[in-house]
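Text of the file model.cif, holding mmCIF, C-alpha atoms and all ligand atoms:
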```cif
data_data
#
loop_
_atom_site.label_atom_id
_atom_site.label_comp_id
_atom_site.auth_asym_id
_atom_site.auth_seq_id
_atom_site.Cartn_x
_atom_site.Cartn_y
_atom_site.Cartn_z
CA MET F 29 16.52 18.80 0.07
CA SER F 30 19.46 16.56 -0.56
CA SER F 31 22.30 18.10 -2.48
CA ALA F 32 24.29 14.92 -1.83
CA THR F 33 21.76 12.94 -3.87
CA ASP F 34 21.67 15.70 -6.48
CA SER F 35 25.34 15.38 -7.20
CA ALA F 36 25.46 11.56 -7.04
CA SER F 37 25.40 10.97 -10.76
CA ASP F 38 27.31 7.69 -10.86
CA ALA F 39 24.12 5.72 -11.50
CA GLN F 40 22.52 7.97 -14.10
CA PRO F 41 18.77 7.32 -14.29
CA THR F 42 16.95 6.71 -17.55
CA VAL F 43 13.68 8.49 -18.27
CA GLY F 44 11.35 7.22 -20.97
CA VAL F 45 9.54 10.06 -22.75
CA LEU F 46 6.24 9.10 -24.33
CA PRO F 47 4.70 12.08 -26.16
CA GLY F 48 1.20 10.64 -26.65
CA ASP F 49 -1.50 11.94 -29.01
CA ASP F 50 -3.20 15.06 -30.43
CA ALA F 51 -1.74 18.20 -28.75
CA ALA F 52 0.04 16.31 -25.94
CA PRO F 53 3.31 15.78 -27.91
CA GLU F 54 3.65 19.56 -28.33
CA ALA F 55 3.57 19.98 -24.53
CA VAL F 56 5.93 17.04 -23.99
CA HIS F 57 8.52 18.15 -26.56
CA ALA F 58 8.49 21.71 -25.18
CA SER F 59 9.02 20.30 -21.67
CA LEU F 60 11.78 18.01 -22.92
CA ALA F 61 13.54 21.01 -24.50
CA VAL F 62 13.60 22.63 -21.06
CA LEU F 63 14.88 19.46 -19.35
CA GLN F 64 17.59 19.07 -21.99
CA ALA F 65 18.62 22.71 -21.56
CA MET F 66 19.16 21.93 -17.86
CA GLU F 67 21.88 19.39 -18.75
CA LEU F 68 20.56 16.96 -16.18
CA PRO F 69 22.40 13.77 -15.26
CA ILE F 70 19.58 11.81 -16.92
CA ALA F 71 19.45 9.73 -20.10
CA PHE F 72 16.24 10.35 -22.04
CA GLU F 73 14.73 7.65 -24.26
CA VAL F 74 12.27 9.49 -26.48
CA LEU F 75 9.58 7.38 -28.13
CA PRO F 76 7.55 8.37 -31.20
CA ASP F 77 4.14 9.99 -30.77
CA GLY F 78 0.99 7.95 -31.34
CA ALA F 79 0.53 8.97 -34.99
CA GLU F 80 4.11 8.09 -35.84
CA MET F 81 3.86 4.77 -34.03
CA ALA F 82 0.71 3.94 -36.01
CA ARG F 83 2.56 4.70 -39.27
CA GLU F 84 5.76 2.85 -38.46
CA MET F 85 4.83 -0.25 -36.51
CA SER F 86 1.99 -2.61 -35.74
CA ARG F 87 -0.10 -1.99 -32.64
CA GLU F 88 1.44 -5.09 -31.02
CA GLU F 89 4.96 -3.79 -31.70
CA GLY F 90 4.01 -0.37 -30.33
CA GLU F 91 2.54 -1.94 -27.22
CA GLN F 92 5.68 -4.00 -26.65
CA LEU F 93 7.86 -0.91 -27.12
CA VAL F 94 5.87 0.98 -24.46
CA ILE F 95 5.95 -1.99 -22.05
CA ASP F 96 9.70 -2.48 -22.58
CA THR F 97 10.22 1.24 -21.88
CA ALA F 98 8.36 0.93 -18.57
CA GLU F 99 10.50 -2.08 -17.68
CA ARG F 100 13.82 -0.56 -18.74
CA CYS F 101 13.46 3.04 -17.56
CA ASN F 102 13.53 4.32 -13.99
CA THR F 103 10.45 6.35 -14.78
CA VAL F 104 8.39 7.75 -17.67
CA LEU F 105 7.24 11.26 -18.56
CA PHE F 106 4.04 10.77 -20.51
CA GLY F 107 1.81 13.15 -22.50
CA SER F 108 -1.69 11.77 -22.76
CA THR F 109 -3.46 9.37 -25.08
CA ASN F 110 -6.68 9.29 -27.05
CA GLY F 111 -6.13 5.56 -27.52
CA GLN F 112 -3.75 5.85 -30.47
CA THR F 113 -0.58 5.41 -28.40
CA PRO F 114 -0.75 1.75 -27.41
CA GLY F 115 0.20 0.02 -24.18
CA VAL F 116 -0.05 2.87 -21.67
CA GLY F 117 -2.47 0.90 -19.48
CA TYR F 118 0.62 -1.09 -18.54
CA PHE F 119 1.98 1.93 -16.63
CA ARG F 120 -1.03 1.76 -14.33
CA TRP F 121 -2.22 -1.83 -14.11
CA GLY F 122 0.95 -3.59 -15.22
CA ARG F 123 3.17 -1.63 -12.81
CA GLN F 124 0.38 -1.27 -10.21
CA THR F 125 0.75 2.48 -9.78
CA TYR F 126 -2.12 2.67 -7.33
CA ALA F 127 -1.76 6.27 -6.08
CA ASN F 128 -2.29 9.14 -8.50
CA VAL F 129 -0.97 12.29 -6.83
CA ARG F 130 -2.45 15.52 -8.20
CA PRO F 131 -1.34 18.74 -6.51
CA ILE F 132 -3.73 21.68 -6.83
CA LYS F 133 -1.65 24.76 -6.10
CA TRP F 134 -2.23 28.34 -7.20
CA ARG F 135 0.90 30.33 -8.07
CA PRO F 136 1.14 34.10 -8.68
CA GLY F 137 0.31 34.76 -12.33
CA PHE F 138 -2.02 31.76 -12.74
CA ARG F 139 -5.26 33.03 -14.25
CA SER F 140 -7.71 31.78 -11.65
CA PRO F 141 -11.44 32.59 -11.81
CA MET F 142 -11.53 32.65 -7.97
CA VAL F 143 -11.81 35.90 -6.00
CA ARG F 144 -9.10 34.72 -3.57
CA PRO F 145 -6.88 32.07 -5.17
CA GLU F 146 -3.92 32.97 -2.93
CA GLY F 147 -3.11 30.05 -0.67
CA ILE F 148 -4.99 27.32 -2.56
CA ASP F 149 -2.55 24.47 -2.02
CA TYR F 150 -3.70 20.90 -1.53
CA VAL F 151 -3.03 17.48 -3.01
CA ILE F 152 -5.55 15.01 -4.37
CA VAL F 153 -4.58 11.35 -3.99
CA ARG F 154 -6.73 9.46 -6.46
CA GLU F 155 -7.02 5.68 -6.17
CA ASN F 156 -5.76 4.70 -9.60
CA LEU F 157 -6.63 1.05 -10.31
CA GLU F 158 -10.16 0.11 -9.25
CA ASP F 159 -13.69 1.55 -9.14
CA LEU F 160 -15.43 1.89 -12.53
CA TYR F 161 -12.13 1.82 -14.43
CA ALA F 162 -11.95 -1.97 -14.75
CA GLY F 163 -14.16 -1.50 -17.81
CA ILE F 164 -16.44 -4.40 -16.85
CA GLU F 165 -19.63 -3.46 -18.67
CA GLY F 166 -22.44 -5.37 -20.32
CA ASP F 167 -26.14 -5.73 -21.04
CA LEU F 168 -28.60 -5.36 -18.18
CA SER F 169 -30.12 -8.73 -19.05
CA GLU F 170 -26.88 -10.32 -17.75
CA VAL F 171 -27.53 -8.74 -14.34
CA ALA F 172 -31.07 -10.15 -14.34
CA ALA F 173 -29.80 -13.59 -15.38
CA SER F 174 -27.17 -13.57 -12.61
CA GLY F 175 -29.87 -13.06 -9.97
CA LEU F 176 -28.08 -9.91 -8.70
CA ALA F 177 -31.20 -7.81 -9.22
CA ASP F 178 -33.40 -10.17 -7.17
CA ARG F 179 -33.59 -7.95 -4.14
CA PRO F 180 -36.54 -6.90 -2.02
CA ARG F 181 -35.62 -3.21 -2.27
CA PHE F 182 -34.41 -1.00 -5.11
CA GLY F 183 -33.42 2.68 -4.88
CA GLY F 184 -34.60 2.73 -1.26
CA VAL F 185 -38.17 1.51 -1.92
CA SER F 186 -39.83 -1.88 -1.75
CA ARG F 187 -39.88 -3.87 -4.96
CA THR F 188 -43.68 -4.03 -4.77
CA GLN F 189 -43.89 -0.23 -5.05
CA ILE F 190 -42.10 -0.16 -8.42
CA PRO F 191 -44.28 -0.51 -11.50
CA GLY F 192 -43.31 -3.83 -13.07
CA GLY F 193 -41.03 -4.77 -10.15
CA PHE F 194 -37.60 -5.57 -11.52
CA GLY F 195 -38.89 -6.81 -14.85
CA HIS F 196 -37.11 -3.95 -16.57
CA PHE F 197 -33.72 -5.48 -15.74
CA ALA F 198 -34.47 -8.50 -17.89
CA GLU F 199 -36.49 -6.82 -20.62
CA ALA F 200 -35.17 -3.30 -21.12
CA ASP F 201 -32.51 -2.36 -23.63
CA GLY F 202 -30.05 -1.42 -20.87
CA ARG F 203 -26.39 -1.58 -19.87
CA TYR F 204 -24.43 -1.78 -16.62
CA ALA F 205 -20.88 -1.06 -15.43
CA ILE F 206 -19.14 -2.51 -12.38
CA LYS F 207 -17.80 -0.38 -9.57
CA TYR F 208 -15.57 -2.32 -7.18
CA PHE F 209 -12.91 -1.93 -4.48
CA THR F 210 -10.63 -4.40 -2.73
CA ARG F 211 -9.59 -3.93 0.90
CA ALA F 212 -5.88 -4.44 0.26
CA ASN F 213 -5.78 -1.79 -2.45
CA VAL F 214 -7.86 0.76 -0.53
CA GLU F 215 -5.67 0.21 2.51
CA ARG F 216 -2.44 0.80 0.58
CA VAL F 217 -3.68 3.99 -1.08
CA ALA F 218 -5.02 5.21 2.29
CA HIS F 219 -1.62 4.55 3.90
CA PHE F 220 -0.01 6.45 1.02
CA ALA F 221 -2.34 9.43 1.62
CA CYS F 222 -1.67 9.34 5.37
CA ARG F 223 2.11 9.32 4.85
CA LEU F 224 1.77 12.25 2.43
CA THR F 225 -0.33 14.12 5.01
CA GLN F 226 2.41 13.54 7.60
CA GLN F 227 5.07 14.78 5.17
CA ARG F 228 3.09 17.92 4.37
CA LYS F 229 2.51 18.51 8.09
CA ALA F 230 6.26 18.33 8.65
CA GLU F 231 6.56 21.05 5.99
CA GLY F 232 4.02 23.29 7.75
CA SER F 233 0.59 22.18 6.47
CA GLU F 234 -2.36 21.44 8.72
CA GLY F 235 -1.95 17.67 8.72
CA LYS F 236 -5.50 16.89 7.64
CA LEU F 237 -6.74 14.10 5.40
CA THR F 238 -10.14 14.59 3.76
CA CYS F 239 -11.92 11.66 2.15
CA SER F 240 -15.00 11.86 -0.04
CA ALA F 241 -17.35 9.48 -1.86
CA LYS F 242 -21.09 9.00 -2.36
CA TYR F 243 -21.36 6.96 0.83
CA ASN F 244 -24.94 7.93 1.66
CA VAL F 245 -26.17 6.06 -1.45
CA LEU F 246 -23.45 3.48 -2.13
CA SER F 247 -22.83 2.33 1.42
CA ARG F 248 -21.32 -1.07 0.54
CA THR F 249 -18.77 0.32 -1.92
CA ASP F 250 -18.18 4.06 -1.38
CA GLY F 251 -19.13 3.72 2.30
CA TRP F 252 -16.62 0.90 2.70
CA PHE F 253 -13.90 2.95 0.95
CA VAL F 254 -14.37 5.80 3.46
CA GLU F 255 -14.60 3.37 6.42
CA ILE F 256 -11.31 1.72 5.46
CA ALA F 257 -9.68 5.13 4.96
CA ALA F 258 -10.87 6.21 8.44
CA GLU F 259 -9.59 2.95 9.95
CA VAL F 260 -6.16 3.42 8.35
CA ALA F 261 -6.01 7.11 9.34
CA SER F 262 -6.72 6.19 12.98
CA GLY F 263 -3.28 4.54 12.98
CA TYR F 264 -1.70 7.96 12.34
CA PRO F 265 -2.56 9.93 15.51
CA ASP F 266 -0.62 12.99 14.33
CA ILE F 267 -3.04 13.67 11.46
CA THR F 268 -6.77 14.49 11.50
CA PHE F 269 -9.37 12.84 9.31
CA GLU F 270 -12.70 14.09 7.94
CA SER F 271 -15.12 12.93 5.24
CA PHE F 272 -17.77 14.56 3.07
CA ILE F 273 -20.39 13.22 0.69
CA ALA F 274 -19.18 13.67 -2.90
CA ASP F 275 -21.72 16.30 -3.98
CA ASP F 276 -21.03 18.40 -0.88
CA PHE F 277 -17.30 17.97 -1.49
CA ALA F 278 -17.68 19.20 -5.10
CA ARG F 279 -19.07 22.44 -3.66
CA ARG F 280 -16.29 22.72 -1.07
CA ILE F 281 -13.60 22.58 -3.79
CA VAL F 282 -14.99 25.91 -5.01
CA ALA F 283 -16.35 27.40 -1.77
CA SER F 284 -13.54 26.60 0.67
CA PRO F 285 -10.48 25.17 -1.10
CA HIS F 286 -8.19 26.80 1.48
CA ASP F 287 -9.47 24.29 4.07
CA LEU F 288 -8.01 21.35 2.14
CA ASP F 289 -4.64 19.72 2.73
CA VAL F 290 -4.59 16.12 1.41
CA VAL F 291 -7.68 14.61 -0.22
CA LEU F 292 -8.21 10.89 -0.78
CA LEU F 293 -10.73 9.94 -3.46
CA PRO F 294 -11.89 6.83 -5.31
CA ASN F 295 -10.82 6.67 -8.95
CA LEU F 296 -13.78 8.27 -10.75
CA TYR F 297 -14.39 11.11 -8.26
CA GLY F 298 -10.63 11.71 -8.20
CA ASP F 299 -10.61 12.12 -11.96
CA ILE F 300 -13.56 14.49 -11.99
CA PHE F 301 -12.68 16.54 -8.91
CA SER F 302 -9.09 17.08 -10.00
CA ASP F 303 -10.33 18.75 -13.19
CA GLU F 304 -12.59 20.88 -10.97
CA GLY F 305 -9.66 21.72 -8.69
CA ALA F 306 -7.53 22.58 -11.74
CA GLY F 307 -10.31 24.94 -12.82
CA THR F 308 -10.05 26.86 -9.53
CA ILE F 309 -6.33 27.60 -9.98
CA GLY F 310 -6.57 28.63 -13.63
CA GLY F 311 -7.20 25.60 -15.80
CA LEU F 312 -6.08 22.21 -16.98
CA GLY F 313 -2.86 23.59 -18.43
CA LEU F 314 -1.54 24.07 -14.89
CA ALA F 315 -2.21 20.78 -13.09
CA PRO F 316 0.55 18.13 -12.86
CA SER F 317 0.39 14.56 -11.62
CA GLY F 318 2.41 11.50 -10.74
CA CYS F 319 1.27 7.88 -10.45
CA PHE F 320 3.06 5.91 -7.75
CA GLY F 321 3.29 2.17 -7.12
CA GLU F 322 5.36 0.18 -4.62
CA ASP F 323 8.47 0.21 -6.83
CA TRP F 324 7.83 2.43 -9.85
CA ALA F 325 6.21 5.75 -10.76
CA TYR F 326 5.42 7.73 -13.89
CA PHE F 327 4.43 11.33 -14.46
CA GLU F 328 1.83 13.01 -16.66
CA SER F 329 -0.35 16.11 -16.68
CA VAL F 330 -3.91 15.91 -15.34
CA HIS F 331 -5.28 17.05 -18.70
CA GLY F 332 -6.08 14.87 -21.69
CA THR F 333 -4.85 15.22 -25.26
CA ALA F 334 -6.61 18.57 -25.94
CA PRO F 335 -7.66 17.47 -29.47
CA ASP F 336 -9.38 20.79 -30.20
CA ILE F 337 -6.03 22.64 -30.19
CA ALA F 338 -3.80 19.95 -31.74
CA GLY F 339 -1.24 21.32 -34.19
CA MET F 340 -1.87 24.92 -33.09
CA HIS F 341 1.17 25.21 -30.77
CA ARG F 342 -0.93 26.83 -28.10
CA ILE F 343 -1.18 24.00 -25.57
CA ASN F 344 0.15 25.15 -22.21
CA PRO F 345 3.09 22.89 -21.25
CA THR F 346 3.12 24.04 -17.61
CA ALA F 347 1.23 20.95 -16.38
CA THR F 348 3.78 18.69 -18.08
CA MET F 349 6.71 20.78 -16.80
CA LEU F 350 5.37 20.68 -13.23
CA SER F 351 4.95 16.91 -13.65
CA ALA F 352 8.64 16.89 -14.60
CA VAL F 353 9.36 18.78 -11.35
CA MET F 354 7.60 15.96 -9.46
CA MET F 355 9.62 13.46 -11.50
CA LEU F 356 12.93 15.12 -10.60
CA HIS F 357 11.99 14.97 -6.90
CA HIS F 358 11.14 11.28 -7.35
CA LEU F 359 14.60 10.73 -8.87
CA GLY F 360 16.16 12.43 -5.86
CA GLN F 361 17.23 15.46 -7.90
CA HIS F 362 15.65 17.91 -5.48
CA GLU F 363 17.75 20.99 -6.23
CA ARG F 364 17.19 20.67 -9.95
CA ALA F 365 13.47 20.16 -9.34
CA SER F 366 13.38 23.36 -7.27
CA ALA F 367 15.33 25.25 -9.95
CA LEU F 368 12.84 24.24 -12.64
CA GLU F 369 9.89 25.12 -10.40
CA ALA F 370 11.42 28.51 -9.61
CA ALA F 371 11.96 29.20 -13.34
CA ILE F 372 8.30 28.39 -14.12
CA ASP F 373 7.21 30.62 -11.22
CA ALA F 374 9.39 33.46 -12.54
CA VAL F 375 7.79 33.27 -16.00
CA TYR F 376 4.31 33.50 -14.43
CA GLU F 377 5.33 36.33 -12.15
CA ALA F 378 6.69 38.27 -15.16
CA GLY F 379 3.46 37.45 -17.04
CA GLU F 380 4.93 38.44 -20.41
CA ARG F 381 5.30 35.15 -22.26
CA LEU F 382 2.23 33.13 -21.28
CA THR F 383 0.09 30.85 -23.47
CA PRO F 384 -3.43 31.85 -24.63
CA ASP F 385 -5.24 29.87 -21.88
CA GLN F 386 -3.48 32.22 -19.41
CA GLY F 387 -4.35 35.36 -21.33
CA GLY F 388 -1.06 35.57 -23.24
CA SER F 389 -0.11 35.14 -26.87
CA ALA F 390 3.02 33.02 -26.55
CA SER F 391 3.21 29.70 -28.36
CA THR F 392 3.98 26.50 -26.48
CA GLU F 393 7.59 26.73 -27.62
CA GLU F 394 7.90 30.46 -26.75
CA PHE F 395 6.70 29.68 -23.23
CA ALA F 396 9.30 26.91 -22.98
CA GLN F 397 11.99 29.32 -24.17
CA ALA F 398 10.91 31.78 -21.46
CA VAL F 399 11.41 29.03 -18.86
CA ILE F 400 14.84 28.22 -20.31
CA ASP F 401 15.76 31.93 -20.17
CA ALA F 402 14.59 32.07 -16.53
CA LEU F 403 16.75 29.07 -15.69
P1 LIG C 501 -9.26 13.15 -20.59
O1 LIG C 501 -10.61 12.61 -20.34
O2 LIG C 501 -8.45 12.42 -21.63
O3 LIG C 501 -8.48 13.46 -19.33
P2 LIG C 501 -10.31 15.78 -20.69
O4 LIG C 501 -11.75 15.53 -20.78
O5 LIG C 501 -9.74 16.16 -19.37
O6 LIG C 501 -9.49 14.56 -21.29
P3 LIG C 501 -8.73 17.56 -22.19
O7 LIG C 501 -8.09 16.90 -23.36
O8 LIG C 501 -7.89 17.70 -21.00
O9 LIG C 501 -10.07 16.84 -21.81
O10 LIG C 501 -9.25 18.97 -22.68
C1 LIG C 501 -10.34 19.69 -22.09
C2 LIG C 501 -10.27 21.14 -22.58
O11 LIG C 501 -9.18 21.78 -21.92
C3 LIG C 501 -10.02 21.28 -24.07
O12 LIG C 501 -10.73 22.41 -24.56
C4 LIG C 501 -8.54 21.51 -24.16
O13 LIG C 501 -8.12 22.26 -25.28
C5 LIG C 501 -8.25 22.27 -22.88
N1 LIG C 501 -6.89 21.95 -22.40
C6 LIG C 501 -6.48 20.79 -21.86
N2 LIG C 501 -5.19 20.84 -21.56
C7 LIG C 501 -4.75 22.06 -21.94
C8 LIG C 501 -3.48 22.71 -21.89
N3 LIG C 501 -2.40 22.10 -21.38
N4 LIG C 501 -3.38 23.96 -22.37
C9 LIG C 501 -4.45 24.60 -22.88
N5 LIG C 501 -5.68 24.04 -22.93
C10 LIG C 501 -5.83 22.78 -22.49
#
```

Starting from the file, give its structure as structure tokens.
Amino acid sequence: MSSATDSASDAQPTVGVLPGDDAAPEAVHASLAVLQAMELPIAFEVLPDGAEMAREMSREEGEQLVIDTAERCNTVLFGSTNGQTPGVGYFRWGRQTYANVRPIKWRPGFRSPMVRPEGIDYVIVRENLEDLYAGIEGDLSEVAASGLADRPRFGGVSRTQIPGGFGHFAEADGRYAIKYFTRANVERVAHFACRLTQQRKAEGSEGKLTCSAKYNVLSRTDGWFVEIAAEVASGYPDITFESFIADDFARRIVASPHDLDVVLLPNLYGDIFSDEGAGTIGGLGLAPSGCFGEDWAYFESVHGTAPDIAGMHRINPTATMLSAVMMLHHLGQHERASALEAAIDAVYEAGERLTPDQGGSASTEEFAQAVIDAL
């Protein structure tokens, strides 16, 4: 907590607000209403949503607007995109926000399906740039032509034991996708996770970093990721390190979530397991996130654009509001972050003005008004 920083408003930060697509703008505008009601020492630059951008400007202009916003603003609060809002890839790859921090924390009033949700409180650090997300895909015949499939063994058996050998790589109607990691990037995200584990330990957590991947099958990629993470963690003697195979870890998220403190995951598993973790605390409407690089960060909910409820004013804005709490901490406005968090907690504890996903009948905007009233 730094009240000195909280009151130092001489250099007022600028926050870009990018509403996104489908139902996401409803959650973002409701969250923005709360932030504006707080009269924060922040200048907001609110961009149009994806549909409006498509109507009013070319895709190239929209992309440039989003990129300029990332360059100009101290940070961005983002909804989510179905592809209509252009340029958001720049937030990740352009600004190299390599660590996606996704807290999974149950709070009283969250409608969890677990028998004992009390005390579920851990943070997933998802590697945010590599793995299968490079989008390098193609026809299987390219793999055959490259010679990459010319190996004596396949799936753990000798080539001679497979009917047709590897002929199917050249002849079948098939596709491939590339999964890759680089040492420098895995090291920096592992250091990030270790520092976060230290911070949480200083605040009373166990001080344990858990890493997971499918290292029993993909030893040269997933195995290497876990090896590098273990190597990096060994440089932090005050924290402990453990690893689990991804399928076993998926079970642990449900069976023993209380054992988790900080979790480091490759990109794809991080994406999937954070939705699973969100499910244990009460759903996607409750899970915030922040994406951190060396010199810039942006904030968005874990959930997507929720297209099935677009225009219905029933999207739960809690995930976006809790992302805004993370954003306020990032901007050094710790007391205001805590005030917003406490107001959200109070609305859940009262349980009277919750959105339908939490068993209530409040609209997105009514929930936001309840948070404003609690403030
Ligand atoms: P993406 O792949 O873009 O992350 P996703 O697969 O996680 O998307 P979502 O758009 O998050 O999919 O939606 C999954 C389901 O959860 C949908 O039925 C959606 O309505 C619901 N959902 C997501 N976010 C919320 C929310 N904030 N409030 C209520 N329901 C939500």

Would you kindly identify which residues have an atom no farther than 8 Å from (-3.8, 32.2, -2.8), using all atoms listed in the file and the file's own coordinates, and write them out as a CSV table (one decimal) with C-alpha atoms, in the frame of the given file?
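So result-v5.csv came out as:
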```csv
chain,number,residue,atom,x,y,z
F,134,TRP,CA,-2.2,28.3,-7.2
F,135,ARG,CA,0.9,30.3,-8.1
F,136,PRO,CA,1.1,34.1,-8.7
F,144,ARG,CA,-9.1,34.7,-3.6
F,145,PRO,CA,-6.9,32.1,-5.2
F,146,GLU,CA,-3.9,33.0,-2.9
F,147,GLY,CA,-3.1,30.0,-0.7
F,148,ILE,CA,-5.0,27.3,-2.6
F,149,ASP,CA,-2.6,24.5,-2.0
```

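Inspection of the environment of ligand LIG 501 (chain C), which uses only C-alpha atoms and all ligand atoms and a cut-off of 7 Å, identifies the neighbouring residues as Ser108, Thr109, Asn110, Asp303, Leu312, Gly313, Leu314, Val330, His331, Gly332, Thr333, Ala334, Pro335, Asp336, Ile337, Arg342, Ile343, Asn344, Pro345, Thr346, Ala347 and Asp385 of chain F.
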
Pairwise distance for atom CA of F:Ser302 and atom CA of F:Ile281, rounded to one decimal in Å: 9.4 Å

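Taking atom CA of F:Ile206 and atom CA of F:Glu165 as endpoints, the distance between them is 6.4 Å.
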
message: Considering all atoms listed in the file, can you say which of F:Val291, F:Val94, F:Met81, F:Met66 comes closest to F:Gly44?
response: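 Comparing F:Val291, F:Val94, F:Met81, F:Met66 against F:Gly44, the winner is F:Val94.
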
Around stretch 270-286 of chain F, with edges along x, y and z and 5 Å added on all six sides, what centre and edge lengths do you get, in Å to one decimal, as JSON?
```
{"center_x": -15.0, "center_y": 20.2, "center_z": 1.4, "size_x": 23.5, "size_y": 24.5, "size_z": 23.0}
```

task: Calculate how many Å separate atom CA of F:Ser262 from atom CA of F:Leu237, rounding to one decimal.
output: 11.0 Å

- request: Pick out the closest residue to F:Glu322 from this set: F:Val171, F:Gln92, F:Pro53, F:Phe220. Count all atoms listed in the file.
  value: F:Phe220
